[in-house]
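File shown: my_file24.cif (mmCIF, C-alpha atoms and all ligand atoms).
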```
data_structure
#
loop_
_atom_site.label_atom_id
_atom_site.label_comp_id
_atom_site.auth_asym_id
_atom_site.auth_seq_id
_atom_site.Cartn_x
_atom_site.Cartn_y
_atom_site.Cartn_z
CA MET U 92 43.79 -94.80 5.09
CA THR U 93 44.47 -91.56 3.25
CA HIS U 94 47.33 -89.23 3.94
CA THR U 95 44.90 -86.53 5.11
CA SER U 96 43.07 -88.68 7.64
CA THR U 97 46.36 -89.85 9.24
CA ALA U 98 47.64 -86.30 9.43
CA THR U 99 44.62 -85.15 11.40
CA HIS U 100 45.48 -87.70 14.15
CA ALA U 101 49.16 -86.82 14.45
CA ALA U 102 50.51 -83.90 16.46
CA PHE U 103 53.10 -83.25 13.74
CA PRO U 104 53.22 -83.59 9.95
CA LEU U 105 54.10 -86.99 8.50
CA THR U 106 55.26 -85.93 5.07
CA ILE U 107 58.76 -87.10 4.11
CA HIS U 108 60.19 -84.84 1.45
CA ARG U 109 62.10 -86.31 -1.45
CA HIS U 110 65.22 -84.17 -0.88
CA TRP U 111 65.40 -85.52 2.70
CA ARG U 112 65.44 -89.08 1.35
CA ALA U 113 68.19 -88.13 -1.08
CA ALA U 114 70.28 -86.56 1.70
CA ALA U 115 69.74 -89.57 3.99
CA GLU U 116 70.75 -92.09 1.30
CA ALA U 117 73.88 -90.07 0.53
CA LYS U 118 74.81 -90.22 4.22
CA GLY U 119 74.17 -93.93 4.73
CA PHE U 120 70.63 -93.95 6.09
CA GLY U 121 67.06 -94.65 5.05
CA ILE U 122 64.13 -92.64 6.43
CA LEU U 123 61.38 -94.75 8.06
CA GLN U 124 59.03 -92.07 9.36
CA ARG U 125 58.75 -88.79 11.20
CA VAL U 126 58.78 -89.20 14.98
CA LYS U 127 58.48 -87.26 18.26
CA ASP U 128 57.69 -83.82 16.82
CA ARG U 129 58.01 -81.87 13.59
CA TYR U 130 61.82 -81.74 13.89
CA HIS U 131 62.68 -85.47 14.02
CA LEU U 132 63.01 -88.40 11.62
CA LEU U 133 63.51 -92.08 12.41
CA LEU U 134 66.57 -93.17 10.42
CA SER U 135 67.63 -96.71 9.59
CA CYS U 136 71.40 -97.25 9.42
CA HIS U 137 72.63 -98.97 6.25
CA SER U 138 75.64 -100.41 8.13
CA CYS U 139 73.96 -102.01 11.12
CA ARG U 140 70.27 -101.94 10.06
CA ARG U 141 69.27 -100.44 13.40
CA THR U 142 67.29 -97.24 13.88
CA HIS U 143 67.72 -93.98 15.69
CA ALA U 144 65.88 -90.65 15.81
CA SER U 145 67.73 -87.77 14.21
CA LYS U 146 66.90 -84.10 13.89
CA ILE U 147 66.00 -83.16 10.34
CA PHE U 148 68.38 -80.23 10.75
CA VAL U 149 71.27 -82.61 11.54
CA LEU U 150 70.46 -84.82 8.55
CA MET U 151 70.37 -81.88 6.18
CA ASN U 152 73.37 -79.97 7.55
CA SER U 153 75.84 -82.57 8.77
CA GLN U 154 76.56 -86.29 8.98
CA PRO U 155 74.18 -88.10 11.38
CA GLN U 156 76.03 -90.58 13.62
CA CYS U 157 74.44 -93.96 14.21
CA PRO U 158 74.66 -94.51 18.03
CA HIS U 159 74.68 -98.28 17.55
CA CYS U 160 77.65 -98.15 15.17
CA ILE U 161 79.48 -95.83 17.60
CA GLU U 162 78.88 -98.23 20.47
CA ALA U 163 80.06 -101.13 18.29
CA ARG U 164 83.34 -99.23 17.69
CA TRP U 165 83.77 -98.68 21.45
CA ARG U 166 83.13 -102.36 22.01
CA ASP U 167 85.68 -103.30 19.31
CA ASP U 168 88.29 -100.91 20.76
CA ALA U 169 87.71 -102.47 24.19
CA ALA U 170 88.04 -106.02 22.85
CA ALA U 171 91.29 -105.07 21.09
CA VAL U 172 92.90 -104.22 24.44
CA GLY U 173 91.34 -107.10 26.38
CA LEU U 174 88.53 -105.18 28.07
CA ASP U 175 84.87 -106.14 28.19
CA TRP U 176 82.49 -103.36 27.31
CA VAL U 177 79.94 -102.61 30.05
CA GLY U 178 78.26 -99.39 28.93
CA ARG U 179 78.45 -95.64 28.75
CA ASP U 180 79.00 -93.48 31.80
CA PRO U 181 75.68 -91.64 32.20
CA GLU U 182 77.55 -88.84 34.00
CA ASN U 183 80.01 -88.06 31.21
CA ARG U 184 79.50 -88.63 27.51
CA HIS U 185 83.24 -89.09 26.91
CA TYR U 186 83.54 -92.04 29.31
CA GLY U 187 82.48 -95.66 29.45
CA PHE U 188 82.77 -98.57 31.87
CA TYR U 189 84.78 -101.69 31.15
CA ILE U 190 85.74 -104.91 32.93
CA ALA U 191 89.49 -105.60 32.83
CA GLY U 192 91.02 -109.07 32.54
CA CYS U 193 91.63 -109.01 36.31
CA GLY U 194 87.89 -108.61 36.91
CA HIS U 195 88.09 -105.00 38.12
CA ARG U 196 85.70 -102.46 36.71
CA LEU U 197 87.43 -99.52 35.01
CA ARG U 198 86.11 -96.14 33.94
CA ARG U 199 87.92 -94.90 30.86
CA GLN U 200 87.68 -92.18 28.27
CA PHE U 201 86.61 -93.64 24.89
CA GLU U 202 89.47 -91.77 23.27
CA MET U 203 92.02 -93.42 25.59
CA VAL U 204 90.71 -96.90 24.86
CA LYS U 205 90.83 -96.10 21.15
CA ARG U 206 94.44 -94.94 21.46
CA ALA U 207 95.25 -98.07 23.44
CA ALA U 208 93.67 -100.17 20.69
CA GLU U 209 95.98 -98.37 18.26
CA GLY U 210 98.93 -99.20 20.51
CA VAL U 211 99.61 -95.59 21.53
CA CYS U 212 99.11 -96.07 25.27
CA ASP U 213 97.94 -98.79 27.66
CA VAL U 214 94.92 -99.23 29.92
CA ARG U 215 96.30 -100.92 32.99
CA CYS U 216 94.12 -101.38 36.04
CA GLU U 217 95.21 -98.91 38.74
CA LEU U 218 93.92 -101.13 41.54
CA CYS U 219 96.06 -104.05 40.41
CA GLN U 220 98.98 -101.74 39.75
CA GLN U 221 98.75 -100.30 43.24
CA HIS U 222 98.42 -103.77 44.73
CA LYS U 223 101.50 -104.92 42.82
CA GLU U 224 103.56 -101.94 43.99
CA GLN U 225 102.36 -102.46 47.56
CA GLU U 226 103.55 -106.07 47.38
CA GLU U 227 106.95 -105.02 46.01
CA ALA U 228 107.35 -102.58 48.89
CA SER U 229 106.15 -105.05 51.47
CA ALA U 230 108.69 -107.64 50.29
CA GLN U 231 111.42 -105.11 51.20
CA GLY U 232 109.85 -104.18 54.53
CA TRP U 233 108.36 -100.91 53.29
CA GLU U 234 104.86 -99.61 52.83
CA LEU U 235 103.75 -97.71 49.75
CA ILE U 236 102.19 -94.43 50.85
CA GLY U 237 101.48 -92.80 47.51
CA PRO U 238 102.88 -90.93 44.54
CA ASP U 239 106.11 -88.93 44.73
CA PRO U 240 105.38 -85.66 46.58
CA GLU U 241 107.86 -84.03 44.18
CA GLY U 242 105.94 -85.34 41.18
CA GLY U 243 108.59 -87.68 39.76
CA PRO U 244 106.88 -90.33 37.65
CA ASN U 245 109.43 -93.01 38.58
CA TYR U 246 109.44 -92.27 42.32
CA ARG U 247 106.96 -93.11 45.08
CA LEU U 248 106.68 -92.18 48.74
CA TYR U 249 107.28 -95.14 51.05
CA ARG U 250 107.38 -95.73 54.79
CA HIS U 251 109.93 -97.99 56.39
CA GLN U 252 108.03 -100.51 58.53
CA ALA U 253 110.99 -101.05 60.84
CA CYS U 254 111.43 -97.41 61.86
CA GLY U 255 108.47 -95.45 60.47
CA HIS U 256 110.71 -93.23 58.35
CA GLU U 257 109.12 -91.89 55.15
CA GLN U 258 111.26 -91.58 52.07
CA ARG U 259 111.06 -91.02 48.29
CA ILE U 260 112.45 -94.07 46.52
CA ALA U 261 112.60 -94.91 42.82
CA ARG U 262 110.24 -97.80 42.14
CA ALA U 263 112.98 -99.65 40.23
CA ASN U 264 115.17 -99.49 43.35
CA MET U 265 112.32 -100.74 45.52
CA GLN U 266 111.95 -103.71 43.17
CA THR U 267 115.63 -104.63 43.46
CA GLY U 268 116.21 -103.53 47.07
CA ARG U 269 119.10 -101.27 46.02
CA PHE U 270 118.55 -98.46 48.49
CA GLY U 271 118.93 -97.76 52.20
CA CYS U 272 116.72 -96.20 54.83
CA GLY U 273 117.68 -92.57 55.47
CA ASN U 274 116.88 -93.04 59.14
CA CYS U 275 118.15 -96.44 60.23
CA GLY U 276 120.82 -96.95 57.60
CA ASP U 277 121.65 -99.50 55.01
CA ASN U 278 122.20 -102.48 57.20
CA TRP U 279 118.88 -102.93 59.02
CA PRO U 280 118.20 -106.32 57.35
CA ALA U 281 121.43 -107.66 58.85
CA ALA U 282 121.34 -105.81 62.16
CA PRO U 283 119.74 -107.33 65.31
CA SER U 284 116.14 -106.40 65.83
CA HIS U 285 113.08 -107.03 68.03
CA LEU U 286 109.51 -108.09 67.67
CA TYR U 287 107.27 -106.15 70.03
CA ALA U 288 103.70 -105.84 71.27
CA MET U 289 102.52 -102.38 72.32
CA GLN U 290 99.32 -101.31 73.94
CA PHE U 291 97.61 -97.97 73.36
CA ARG U 292 94.72 -96.41 75.18
CA LEU U 293 93.07 -93.66 73.15
CA ALA U 294 91.40 -90.61 74.67
CA SER U 295 88.06 -92.31 74.00
CA GLY U 296 89.12 -95.15 76.32
CA LEU U 297 89.47 -97.59 73.43
CA ARG U 298 92.35 -100.02 73.94
CA LEU U 299 94.37 -101.19 70.92
CA VAL U 300 97.38 -103.43 70.48
CA LYS U 301 100.14 -103.24 67.88
CA LEU U 302 102.46 -105.99 66.81
CA GLY U 303 105.60 -104.85 65.00
CA PHE U 304 109.35 -105.04 64.81
CA SER U 305 112.07 -102.50 65.36
CA ARG U 306 115.74 -102.26 66.16
CA ASN U 307 114.73 -100.14 69.12
CA PRO U 308 111.08 -100.59 70.15
CA ASP U 309 111.27 -98.02 72.91
CA SER U 310 112.53 -95.30 70.61
CA ARG U 311 110.00 -96.39 68.00
CA LEU U 312 107.22 -95.91 70.53
CA ARG U 313 108.43 -92.62 71.99
CA HIS U 314 109.64 -90.86 68.86
CA GLN U 315 107.71 -92.22 65.91
CA LEU U 316 104.42 -93.84 66.78
CA LEU U 317 102.78 -91.35 69.10
CA LYS U 318 101.21 -88.28 67.61
CA HIS U 319 100.63 -86.81 71.10
CA HIS U 320 103.01 -87.46 73.95
CA ASP U 321 100.22 -87.65 76.50
CA LEU U 322 98.71 -90.71 74.80
CA ASP U 323 98.66 -93.69 77.14
CA ALA U 324 101.00 -96.23 75.55
CA GLN U 325 103.30 -98.98 76.76
CA ILE U 326 105.43 -101.82 75.47
CA LEU U 327 103.96 -105.13 76.66
CA GLN U 328 106.65 -107.47 75.44
CA THR U 329 109.72 -107.62 73.19
CA VAL U 330 111.50 -110.61 71.68
CA PRO U 331 115.05 -110.16 70.36
CA MET U 332 115.58 -111.33 66.78
CA ALA U 333 118.95 -112.12 65.18
CA THR U 334 118.36 -109.86 62.17
CA GLY U 335 115.94 -107.27 60.86
CA GLN U 336 115.20 -109.50 57.90
CA LEU U 337 114.19 -112.35 60.18
CA ALA U 338 112.11 -109.98 62.34
CA LEU U 339 110.32 -108.72 59.22
CA GLN U 340 109.52 -112.22 57.95
CA THR U 341 108.33 -113.39 61.35
CA GLU U 342 106.20 -110.29 61.90
CA LYS U 343 104.51 -110.79 58.52
CA ARG U 344 103.76 -114.39 59.31
CA LEU U 345 102.21 -113.46 62.66
CA HIS U 346 100.03 -110.77 61.05
CA THR U 347 98.79 -113.29 58.51
CA ARG U 348 97.88 -115.70 61.30
CA LEU U 349 96.12 -112.99 63.31
CA LYS U 350 94.19 -111.64 60.35
CA THR U 351 93.04 -115.11 59.38
CA ALA U 352 92.07 -116.19 62.89
CA PHE U 353 90.64 -112.86 64.12
CA PRO U 354 89.44 -110.89 61.10
CA ASP U 355 86.98 -108.95 63.30
CA SER U 356 89.79 -107.76 65.56
CA ILE U 357 91.60 -105.69 62.93
CA ALA U 358 91.04 -102.10 64.03
CA PRO U 359 89.85 -99.76 61.27
CA PRO U 360 92.61 -97.15 60.66
CA ASP U 361 90.27 -94.18 61.02
CA LEU U 362 89.85 -95.11 64.69
CA TYR U 363 93.50 -94.35 65.44
CA ALA U 364 94.75 -92.27 62.51
CA GLY U 365 94.72 -89.11 64.65
CA SER U 366 96.65 -90.67 67.51
CA ILE U 367 99.11 -93.25 66.21
CA ASN U 368 101.49 -92.85 63.29
CA VAL U 369 100.77 -96.10 61.46
CA ARG U 370 98.32 -97.06 58.81
CA SER U 371 97.57 -100.70 59.53
CA GLU U 372 98.33 -103.74 61.66
CA ILE U 373 96.67 -102.45 64.78
CA TYR U 374 94.20 -104.71 66.55
CA PHE U 375 91.51 -104.40 69.18
CA ALA U 376 92.75 -105.32 72.65
CA ASP U 377 90.88 -108.63 72.66
CA VAL U 378 93.73 -110.29 70.73
CA THR U 379 96.41 -109.06 73.15
CA ALA U 380 96.63 -112.42 74.91
CA GLU U 381 97.02 -114.22 71.57
CA ILE U 382 99.77 -111.83 70.45
CA LEU U 383 101.65 -112.30 73.73
CA ARG U 384 101.25 -116.06 73.39
CA MET U 385 102.71 -116.01 69.87
CA LEU U 386 105.64 -113.87 71.02
CA ASP U 387 106.26 -116.26 73.93
CA GLU U 388 106.28 -119.15 71.49
CA ILE U 389 108.90 -117.42 69.35
CA ALA U 390 111.01 -116.46 72.37
CA THR U 391 110.96 -120.11 73.49
CA ASP U 392 111.33 -121.94 70.17
CA GLY U 393 113.42 -119.37 68.32
CA ALA U 394 112.00 -117.84 65.15
CA ALA U 395 110.20 -120.97 64.07
ZN ZN Z 1 74.63 -98.26 12.58
ZN ZN Z 2 92.63 -104.96 38.39
ZN ZN Z 3 114.37 -97.18 58.64
#
```

For the structure just supplied, provide its representation as structure tokens.
Amino acid sequence: MTHTSTATHAAFPLTIHRHWRAAAEAKGFGILQRVKDRYHLLLSCHSCRRTHASKIFVLMNSQPQCPHCIEARWRDDAAAVGLDWVGRDPENRHYGFYIAGCGHRLRRQFEMVKRAAEGVCDVRCELCQQHKEQEEASAQGWELIGPDPEGGPNYRLYRHQACGHEQRIARANMQTGRFGCGNCGDNWPAAPSHLYAMQFRLASGLRLVKLGFSRNPDSRLRHQLLKHHDLDAQILQTVPMATGQLALQTEKRLHTRLKTAFPDSIAPPDLYAGSINVRSEIYFADVTAEILRMLDEIATDGAA
């Protein structure tokens, strides 16, 4: 097979010039053949032995980058910070996907992972972080709503479960419990409280039931929960509790039981977000009887 006969079958010339070979060798590559069109060469990387197509212009005017070596560096950076490399983000050439130690999938900028590998910053999983902060808040009877509306990096916005009051609190204080509610005061954990069941009927006719605790369920219903005063709502039952702390613990235990036994009865928040000022722990009316039964049990046996 002569050079001429091959050339007549190709849509582009196959000649590899000597000065191209010299440039390629100087830059860490061998040239295997011309590919695609008259502008491309297939290069073989001297580091990883794998091939990629490069523009002749790039070879002659700058340093070609082996995509396999680049990916290997991303993979190494990921491994250095405990992430598993998944692949590039096809939507953005600066980003890749990783699996964190917790099993969550993260999308991160290559540069950030590289800096983390160098110890400059860290790549924590925001889902786990949020979950952790939610747990910290929940242990104190608060709900994490989101970042500080005033932009403070150490503050978050929380809602007091006992009274519905929203407040900025430093996360460190939430962790230690060294703060008070601006609405119901510092002593709610020690003050007497109530468990309650409330029923709501939305404009659509949908009936929902809420189980909660409050120092004053009636005021909670009238002044905090209802977004519109014409919403049909009523307290079905209340059970006095010796302290707010005890009410909180009991309420949490009851929610866990309900969610385990009736997972299909948890009402999706978007059903009531426009009508009731809470974000969770509202159920469809079919568990009303069970909630009343549990409250009866507590009223009879004490907070067992
Ligand atoms: Zn390579
Ligand atoms: Zn995670
Ligand atoms: Zn409060």

Taking all atoms listed in the file and a cut-off of 7 Å, can you tell me which residues surround ligand ZN 3 (chain Z), written as a CSV table (one decimal) with C-alpha atoms, in the frame of the given file?
```csv
chain,number,residue,atom,x,y,z
U,251,HIS,CA,109.9,-98.0,56.4
U,253,ALA,CA,111.0,-101.0,60.8
U,254,CYS,CA,111.4,-97.4,61.9
U,255,GLY,CA,108.5,-95.4,60.5
U,256,HIS,CA,110.7,-93.2,58.4
U,272,CYS,CA,116.7,-96.2,54.8
U,273,GLY,CA,117.7,-92.6,55.5
U,274,ASN,CA,116.9,-93.0,59.1
U,275,CYS,CA,118.2,-96.4,60.2
U,276,GLY,CA,120.8,-97.0,57.6
```

For this session: Could you give me the residues within 9 Å of ligand ZN 1 (chain Z), counting all atoms listed in the file, as a list of chain:residue names?
Result: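 Checking all atoms listed in the file against ligand ZN 1 (chain Z) at 9 Å gives U:Gly119, U:Phe120, U:Ser135, U:Cys136, U:His137, U:Ser138, U:Cys139, U:Arg140, U:Arg141, U:Thr142, U:His143, U:Gln156, U:Cys157, U:Pro158, U:His159, U:Cys160, U:Ile161, U:Glu162, U:Ala163.
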
Exercise. Counting all atoms listed in the file, what is within 8 Å of Leu150 in chain U, bar same-chain residues fewer than 5 positions away, as an MDAnalysis selection string?
Worked result: chainID U and resid 111 114:115 145 155

Problem set entry | Surroundings of ligand ZN 2 (chain Z) up to 6 Å, based on all atoms listed in the file, as number ranges by chain | U: 193, 195, 216, 218-219

Would you export the selected residues with C-alpha atoms as a short mmCIF file (atom, residue, chain, number, x, y, z; two decimals), keeping the file's coordinate frame, please?
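Result file is part.cif:
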```
data_model
loop_
_atom_site.label_atom_id
_atom_site.label_comp_id
_atom_site.auth_asym_id
_atom_site.auth_seq_id
_atom_site.Cartn_x
_atom_site.Cartn_y
_atom_site.Cartn_z
CA CYS U 193 91.63 -109.01 36.31
CA HIS U 195 88.09 -105.00 38.12
CA CYS U 216 94.12 -101.38 36.04
CA LEU U 218 93.92 -101.13 41.54
CA CYS U 219 96.06 -104.05 40.41
#
```

Problem set entry | Spatial neighbours of range 282-294 of chain U, max dist 10 Å, only C-alpha atoms, sep filter under 4 positions, as an MDAnalysis selection string | chainID U and resid 253 276:278 298:309 312 317 321:339 341:342 362:363 365:367 373:376 379 382:383 386 389:390

Exercise. What is the CA of Arg199 in chain U-CA of Glu182 in chain U distance in Å, reported with one decimal?
Worked result: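 Calculated distance between CA of Arg199 in chain U and CA of Glu182 in chain U is 12.4 Å.
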
Can you tell me, as lines of an AutoDock Vina configuration file, the centre and edge lengths (Å, one decimal) of the axis-aligned box enclosing all of range 365-383 of chain U's listed atoms after padding each side by 8 Å?
```
center_x = 96.3
center_y = -101.7
center_z = 66.9
size_x = 26.8
size_y = 41.1
size_z = 32.1
```

Problem set entry | Polymer residues at most 9 Å from Met203 in chain U, only C-alpha atoms, same-chain spacing of 5 or more positions, as a VMD selection string | chain U and resid 208 211 to 214

For this session: Tell me which of U:Glu372, U:Ala102, U:Pro244, U:Asp180 sits closest to Pro360 in chain U, counting all atoms listed in the file.
Result: U:Glu372

Problem set entry | Atom pair CA of Ala364 in chain U / CA of Leu316 in chain U: separation (Å) |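 Straight-line distance from CA of Ala364 in chain U to CA of Leu316 in chain U works out to 10.7 Å.
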
For this session: One decimal, Å: what's the distance from CA of Met265 in chain U over to CA of Arg348 in chain U, could you say?
Result: 26.1 Å

Problem set entry | Pick from U:Arg164, U:Lys118, U:Lys318, U:Arg247, whichever lies nearest to Ala263 in chain U using all atoms listed in the file | U:Arg247

For this session: Could you give me, as a ChimeraX atom specification, the residues within 7 Å of range 189-192 of chain U, counting all atoms listed in the file and dropping anything in the same chain fewer than 2 positions from it?
Result: /U:173-177,187,194-198

Do you know which residues are at most 12 Å from Gly243 in chain U counting all atoms listed in the file, after dropping those on the same chain fewer than 6 positions away, and could you put them as a short mmCIF file (atom, residue, chain, number, x, y, z; two decimals) with C-alpha atoms, keeping the file's coordinate frame?
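Everything below was put into around20.cif:
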```cif
data_model
loop_
_atom_site.label_atom_id
_atom_site.label_comp_id
_atom_site.auth_asym_id
_atom_site.auth_seq_id
_atom_site.Cartn_x
_atom_site.Cartn_y
_atom_site.Cartn_z
CA GLY U 237 101.48 -92.80 47.51
CA ARG U 259 111.06 -91.02 48.29
CA ILE U 260 112.45 -94.07 46.52
CA ALA U 261 112.60 -94.91 42.82
CA ARG U 262 110.24 -97.80 42.14
#
```

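If you measure from each of U:His346, U:Arg370, U:Ser153, U:Arg184 to Glu234 in chain U using all atoms listed in the file, the closest one turns out to be U:Arg370.
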